[in-house]
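Everything below belongs to data.txt, which stores compact mmCIF, C-alpha atoms.
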# COMPACT_ATOMS: atom_id res chain seq x y z
CA MET S 29 -2.86 5.69 14.96
CA ASP S 30 -6.37 5.91 16.41
CA ASP S 31 -6.37 9.63 15.60
CA ARG S 32 -5.11 8.94 12.08
CA LEU S 33 -7.76 6.31 11.48
CA ARG S 34 -10.48 8.74 12.53
CA PHE S 35 -8.94 11.40 10.31
CA LEU S 36 -8.75 9.14 7.26
CA ARG S 37 -12.30 7.84 7.71
CA ALA S 38 -13.61 11.38 8.08
CA VAL S 39 -11.81 12.48 4.92
CA ARG S 40 -13.08 9.45 2.99
CA SER S 41 -16.70 9.83 4.10
CA GLY S 42 -16.68 13.61 3.71
CA LEU S 43 -14.58 15.32 1.07
CA ALA S 44 -13.71 12.18 -0.91
CA SER S 45 -17.34 11.06 -1.12
CA ARG S 46 -18.15 14.23 -3.07
CA LEU S 47 -15.80 12.97 -5.75
CA GLY S 48 -17.19 9.44 -5.70
CA ALA S 49 -13.95 8.19 -4.15
CA SER S 50 -14.89 7.25 -0.59
CA ASP S 51 -13.57 3.69 -1.09
CA ARG S 52 -10.19 4.50 -2.64
CA TRP S 53 -7.89 4.30 0.39
CA THR S 54 -8.91 1.05 2.07
CA THR S 55 -5.33 -0.25 1.85
CA LEU S 56 -4.14 2.79 3.80
CA GLU S 57 -6.76 2.12 6.46
CA GLY S 58 -5.56 -1.48 6.72
CA LEU S 59 -1.99 -0.25 7.14
CA LEU S 60 -2.99 2.11 9.95
CA ARG S 61 -4.82 -0.73 11.71
CA PHE S 62 -1.71 -2.90 11.38
CA PHE S 63 0.46 -0.16 12.90
CA ARG S 64 -2.01 0.22 15.77
CA VAL S 65 -2.00 -3.51 16.60
CA HIS S 66 1.81 -3.61 16.68
CA ASP S 67 2.22 -0.26 18.45
CA MET S 68 4.25 1.05 15.53
CA GLY S 69 4.54 4.65 14.37
CA ARG S 70 5.03 6.38 17.69
CA PRO S 71 5.54 10.18 17.58
CA ASP S 72 8.79 11.31 15.95
CA SER S 73 9.59 7.83 14.64
CA TRP S 74 10.51 7.16 11.00
CA ILE S 75 7.22 5.30 10.43
CA SER S 76 5.22 8.14 11.95
CA TRP S 77 6.75 10.78 9.69
CA VAL S 78 6.49 8.69 6.52
CA ASN S 79 2.87 7.88 7.26
CA ALA S 80 2.13 11.52 8.08
CA GLY S 81 3.46 12.52 4.65
CA VAL S 82 1.22 9.96 2.96
CA LEU S 83 -1.88 11.10 4.85
CA GLU S 84 -1.07 14.72 4.08
CA ALA S 85 -0.78 13.86 0.39
CA VAL S 86 -4.16 12.12 0.34
CA ALA S 87 -6.01 14.85 2.24
CA LEU S 88 -4.48 17.73 0.28
CA GLY S 89 -4.94 15.85 -2.98
CA ILE S 90 -8.66 15.50 -2.33
CA ALA S 91 -8.91 19.18 -1.45
CA ILE S 92 -6.95 20.31 -4.53
CA ALA S 93 -9.09 18.12 -6.79
CA GLN S 94 -12.16 20.04 -5.58
CA ASP S 95 -10.53 23.47 -5.57
CA PRO S 96 -7.24 23.77 -7.52
CA ALA S 97 -6.84 27.32 -6.26
CA ILE S 98 -5.76 26.09 -2.83
CA ALA S 99 -2.63 24.39 -4.19
CA ASP S 100 0.51 26.18 -3.07
CA GLY S 101 4.13 25.51 -2.23
CA ARG S 102 3.18 23.65 0.94
CA ALA S 103 1.51 20.80 -0.93
CA ASN S 104 3.85 17.85 -1.38
CA ALA S 105 4.29 16.06 -4.69
CA GLY S 106 1.99 13.26 -3.60
CA SER S 107 -0.93 15.65 -3.12
CA HIS S 108 -0.67 16.79 -6.74
CA ALA S 109 -0.51 13.17 -7.90
CA TRP S 110 -3.67 12.30 -5.95
CA ALA S 111 -5.42 15.43 -7.23
CA ASP S 112 -4.58 14.42 -10.80
CA TYR S 113 -5.82 10.88 -10.14
CA LEU S 114 -9.12 12.11 -8.69
CA THR S 115 -9.65 14.61 -11.49
CA ARG S 116 -9.16 11.92 -14.11
CA LEU S 117 -11.38 9.56 -12.15
CA SER S 118 -14.24 12.07 -11.98
CA ARG S 119 -13.93 12.71 -15.72
CA GLY S 120 -14.31 9.01 -16.48
CA GLU S 121 -10.79 8.75 -17.87
CA LEU S 122 -9.93 5.70 -15.72
CA ALA S 123 -12.73 3.43 -16.85
CA THR S 124 -10.59 0.33 -17.38
CA ALA S 125 -8.86 -1.57 -14.58
CA THR S 126 -5.47 -1.11 -16.26
CA LEU S 127 -5.77 2.66 -16.53
CA HIS S 128 -7.12 2.96 -13.01
CA ASN S 129 -4.45 0.76 -11.44
CA GLN S 130 -1.66 2.62 -13.20
CA ALA S 131 -2.93 6.02 -12.04
CA TRP S 132 -3.66 4.85 -8.49
CA SER S 133 -0.30 3.12 -8.01
CA ARG S 134 1.55 6.12 -9.43
CA ALA S 135 -0.10 8.44 -6.89
CA GLU S 136 0.53 5.94 -4.09
CA GLU S 137 4.20 5.65 -5.03
CA ILE S 138 4.74 9.41 -5.25
CA SER S 139 3.01 10.09 -1.93
CA THR S 140 5.09 7.38 -0.23
CA ASP S 141 8.27 8.91 -1.65
CA ALA S 142 7.12 12.30 -0.31
CA GLY S 143 6.65 10.76 3.12
CA ILE S 144 10.11 9.18 3.01
CA ALA S 145 11.64 12.53 2.07
CA LEU S 146 9.81 14.16 4.96
CA ALA S 147 11.18 11.60 7.43
CA GLU S 148 14.71 11.24 6.11
CA ASP S 149 15.62 14.53 4.44
CA LEU S 150 13.80 16.95 6.73
CA GLN S 151 13.82 15.04 10.02
CA GLY S 152 17.04 13.05 9.61
CA LEU S 153 15.39 9.78 10.61
CA SER S 154 16.21 6.30 9.29
CA PRO S 155 14.28 3.03 9.26
CA THR S 156 15.40 -0.10 11.05
CA PRO S 157 16.47 -2.94 8.71
CA ALA S 158 13.11 -4.67 9.26
CA GLU S 159 11.20 -1.46 8.57
CA GLN S 160 13.18 -0.95 5.37
CA ARG S 161 12.37 -4.48 4.22
CA PHE S 162 8.70 -3.93 5.08
CA LEU S 163 8.72 -0.76 2.98
CA THR S 164 10.36 -2.61 0.09
CA LEU S 165 7.63 -5.27 0.17
CA ALA S 166 4.93 -2.60 0.27
CA GLN S 167 6.56 -0.81 -2.67
CA PHE S 168 6.65 -4.10 -4.58
CA TYR S 169 2.88 -4.40 -4.06
CA THR S 170 2.42 -0.93 -5.55
CA TRP S 171 4.65 -1.89 -8.49
CA ALA S 172 2.69 -5.14 -8.94
CA ILE S 173 -0.57 -3.22 -9.28
CA ARG S 174 0.89 -1.12 -12.07
CA ASN S 175 2.57 -4.06 -13.80
CA ARG S 176 0.00 -6.75 -13.17
CA SER S 177 -0.01 -8.23 -16.69
CA ALA S 178 3.78 -8.50 -16.86
CA LEU S 179 3.96 -10.07 -13.41
CA ARG S 180 1.27 -12.61 -14.26
CA SER S 181 3.22 -13.59 -17.39
CA LEU S 182 6.38 -14.03 -15.32
CA LEU S 183 4.60 -16.17 -12.73
CA GLY S 184 3.05 -18.22 -15.53
CA ALA S 185 6.53 -18.98 -16.85
CA LEU S 186 7.80 -19.81 -13.36
CA SER S 187 4.93 -22.27 -12.83
CA ALA S 188 6.59 -24.56 -15.37
CA ILE S 189 9.53 -24.78 -12.96
CA ASP S 190 7.70 -24.67 -9.64
CA ALA S 191 3.96 -25.39 -9.45
CA ARG S 192 3.69 -23.16 -6.40
CA ALA S 193 3.86 -20.16 -8.72
CA HIS S 194 0.20 -20.87 -9.50
CA THR S 195 -0.59 -20.03 -5.88
CA LEU S 196 1.19 -16.72 -6.20
CA THR S 197 -0.69 -15.92 -9.42
CA ASP S 198 -4.04 -16.64 -7.77
CA PHE S 199 -3.08 -14.54 -4.77
CA LEU S 200 -1.93 -11.65 -6.96
CA ASP S 201 -5.32 -11.47 -8.66
CA TRP S 202 -7.20 -11.86 -5.38
CA PHE S 203 -5.21 -9.36 -3.37
CA ILE S 204 -5.21 -6.62 -6.00
CA ASP S 205 -8.95 -6.98 -6.50
CA ALA S 206 -9.87 -7.44 -2.82
CA GLY S 207 -9.96 -3.74 -2.03
CA ASP S 208 -10.79 -3.84 1.65
CA ALA S 209 -9.05 -2.87 4.86
CA ASP S 210 -9.17 -6.40 6.31
CA ALA S 211 -7.23 -7.85 3.38
CA ALA S 212 -4.73 -4.99 3.48
CA GLN S 213 -4.15 -5.44 7.21
CA ALA S 214 -3.67 -9.19 6.79
CA GLY S 215 -1.27 -8.55 3.92
CA CYS S 216 0.76 -6.22 6.14
CA GLU S 217 1.03 -9.01 8.71
CA ILE S 218 2.61 -11.24 6.05
CA TYR S 219 4.97 -8.46 4.95
CA TRP S 220 6.05 -7.88 8.55
CA GLN S 221 6.73 -11.56 9.18
CA LEU S 222 8.89 -11.69 6.06
CA ALA S 223 10.58 -8.37 6.90
CA GLN S 224 11.70 -9.69 10.28
CA ALA S 225 13.17 -12.88 8.81
CA SER S 226 16.89 -13.13 8.15
CA ALA S 227 17.87 -12.69 4.52
CA PRO S 228 18.44 -16.10 2.86
CA THR S 229 22.04 -16.97 2.16
CA ASP S 230 21.44 -19.96 -0.11
CA ILE S 231 18.72 -21.59 -2.22
CA THR S 232 17.48 -23.64 0.74
CA GLY S 233 16.96 -20.51 2.76
CA ALA S 234 15.19 -18.83 -0.16
CA LEU S 235 12.83 -21.78 -0.55
CA GLN S 236 12.07 -21.76 3.16
CA LEU S 237 11.21 -18.06 2.93
CA LEU S 238 8.96 -18.81 -0.05
CA ASP S 239 7.21 -21.55 1.93
CA GLN S 240 6.65 -19.09 4.76
CA ALA S 241 5.11 -16.57 2.36
CA LEU S 242 2.88 -19.18 0.71
CA SER S 243 1.70 -20.40 4.10
CA GLY S 244 0.71 -16.87 5.02
CA LEU S 245 -1.07 -16.38 1.69
CA SER S 246 -2.99 -19.60 2.15
CA THR S 247 -4.12 -18.53 5.61
CA LEU S 248 -5.16 -15.14 4.27
CA ARG S 249 -7.32 -16.72 1.57
CA GLN S 250 -8.97 -19.04 4.11
CA ILE S 251 -9.82 -16.12 6.39
CA HIS S 252 -11.20 -13.75 3.78
CA GLY S 253 -12.41 -16.17 1.11
CA PRO S 254 -12.67 -15.64 -2.65
CA ARG S 255 -13.42 -12.27 -4.15
In structure tokens, what does this structure look like?
Amino acid sequence: MDDRLRFLRAVRSGLASRLGASDRWTTLEGLLRFFRVHDMGRPDSWISWVNAGVLEAVALGIAIAQDPAIADGRANAGSHAWADYLTRLSRGELATATLHNQAWSRAEEISTDAGIALAEDLQGLSPTPAEQRFLTLAQFYTWAIRNRSALRSLLGALSAIDARAHTLTDFLDWFIDAGDADAAQAGCEIYWQLAQASAPTDITGALQLLDQALSGLSTLRQIHGPR
């Protein structure tokens, strides 16, 4: 993970900076830092291969955006999605937060799927139950970015039933807008805690899991402050 962090930072400060996109993969940096702390993603593990596919997609996407002629059959689907995102970004086509978030989350989702295919279809690897739940939570975050307005409306309706939904709404806005590696790493810690918990079997268990999540969110806000 140290090597991958150096690689990502070099790509961001070098090739990506030429496209005005040196700050676009802070969440990925936070994820790599989380993996490093927990000694996750060892060589030939499911996490390692999935993450390798994502990094490949980002790096090749940046390269293709600058020189489309280099695209060939080796480039995974995620690389083309990132190249499209960067091309639209440089043209000023993603000027609003909604348009940007939709394009960014789409590329993130496609590159993650490409990494999963690399690990599972080509390498025959499978995640542990906790790793699968962690992935599901991360995928929900990507979905939430793309569907922010709909999710806020849902949480607004839920707040009439449970006032704690207001906390989730505030966190949603903060976390999506935070855009830094520290927040992403702290978010991964919350995901991992939830991923390792046993699945609730009744409403009491579900509420306890919600309390655990809200406690983590509260701590995260206290550490990193308002944005």
Can you measure CA of Asp31 (chain S) to CA of Ala85 (chain S) for me? One decimal in Å is fine.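 Going from CA of Asp31 (chain S) over to CA of Ala85 (chain S), I get 16.7 Å.
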Among the residues S:Arg37, S:Ala91, S:Gly120, S:Phe168, the one that comes closest to Gly58 (chain S) [using only C-alpha atoms]: S:Arg37
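The shortest atom-to-atom distance to Phe63 (chain S), with all atoms listed in the file taken into account, belongs to S:Ile75 out of S:Ile98, S:Ile75, S:Ile138, S:Ala145.
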Mind giving me the straight-line distance from CA of Ser133 (chain S) to CA of Arg116 (chain S) in Å, one decimal? 13.9 Å
Pick from S:Ala225, S:Glu159, S:Tyr169, S:Ser73: nearest to Asn129 (chain S), with only C-alpha atoms counted?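 Of all the options, S:Tyr169 lies closest to Asn129 (chain S).
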In Å to one decimal, how far is CA of Ala111 (chain S) from CA of Gln160 (chain S)?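 CA of Ala111 (chain S) lies 27.8 Å from CA of Gln160 (chain S).
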Counting all atoms listed in the file, what is within 6 Å of Val82 (chain S), bar same-chain residues fewer than 6 positions away, as a list in words?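 Answer for this query is Ser139, Thr140 and Gly143 of chain S.
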Near Ala131 (chain S), counting only C-alpha atoms, which residues have an atom at most 7 Å away, once you skip same-chain residues fewer than 4 positions from it, shown as a list in words? Tyr113, Leu127 and Ala135 of chain S
Counting only C-alpha atoms, what is within 12 Å of region 42-45 of chain S, bar same-chain residues fewer than 5 positions away, as an MDAnalysis selection string? chainID S and resid 34:37 50:53 86:95 110:111 114:115 117:118
With all atoms listed in the file as the atoms that count, which of S:Asp72, S:Glu121, S:Glu84, S:Asp208 lies nearest to Glu148 (chain S)?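 Closest candidate: S:Asp72.
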Kindly extract all protein, DNA and RNA residues lying within 12 Å of the coordinates (-6.2, -1.8, 9.4) given in the file, considering all atoms listed in the file, and supply them as a compact mmCIF listing (two decimals) with C-alpha atoms, in the coordinates of the input.
# COMPACT_ATOMS: atom_id res chain seq x y z
CA MET S 29 -2.86 5.69 14.96
CA ASP S 30 -6.37 5.91 16.41
CA ARG S 32 -5.11 8.94 12.08
CA LEU S 33 -7.76 6.31 11.48
CA ARG S 34 -10.48 8.74 12.53
CA LEU S 36 -8.75 9.14 7.26
CA ARG S 37 -12.30 7.84 7.71
CA TRP S 53 -7.89 4.30 0.39
CA THR S 54 -8.91 1.05 2.07
CA THR S 55 -5.33 -0.25 1.85
CA LEU S 56 -4.14 2.79 3.80
CA GLU S 57 -6.76 2.12 6.46
CA GLY S 58 -5.56 -1.48 6.72
CA LEU S 59 -1.99 -0.25 7.14
CA LEU S 60 -2.99 2.11 9.95
CA ARG S 61 -4.82 -0.73 11.71
CA PHE S 62 -1.71 -2.90 11.38
CA PHE S 63 0.46 -0.16 12.90
CA ARG S 64 -2.01 0.22 15.77
CA VAL S 65 -2.00 -3.51 16.60
CA HIS S 66 1.81 -3.61 16.68
CA ASP S 208 -10.79 -3.84 1.65
CA ALA S 209 -9.05 -2.87 4.86
CA ASP S 210 -9.17 -6.40 6.31
CA ALA S 211 -7.23 -7.85 3.38
CA ALA S 212 -4.73 -4.99 3.48
CA GLN S 213 -4.15 -5.44 7.21
CA ALA S 214 -3.67 -9.19 6.79
CA GLY S 215 -1.27 -8.55 3.92
CA CYS S 216 0.76 -6.22 6.14
CA GLU S 217 1.03 -9.01 8.71
Between S:Gln224, S:Asn175, S:Thr126, S:Ser76, which one has atoms that come closest to Phe162 (chain S), using all atoms listed in the file?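 Distance minimum relative to Phe162 (chain S) lands on S:Gln224.
Considering all atoms listed in the file, the residue among S:Ala109, S:Ala158, S:Ile173, S:Leu165 positioned nearest to Gln130 (chain S) is S:Ile173.
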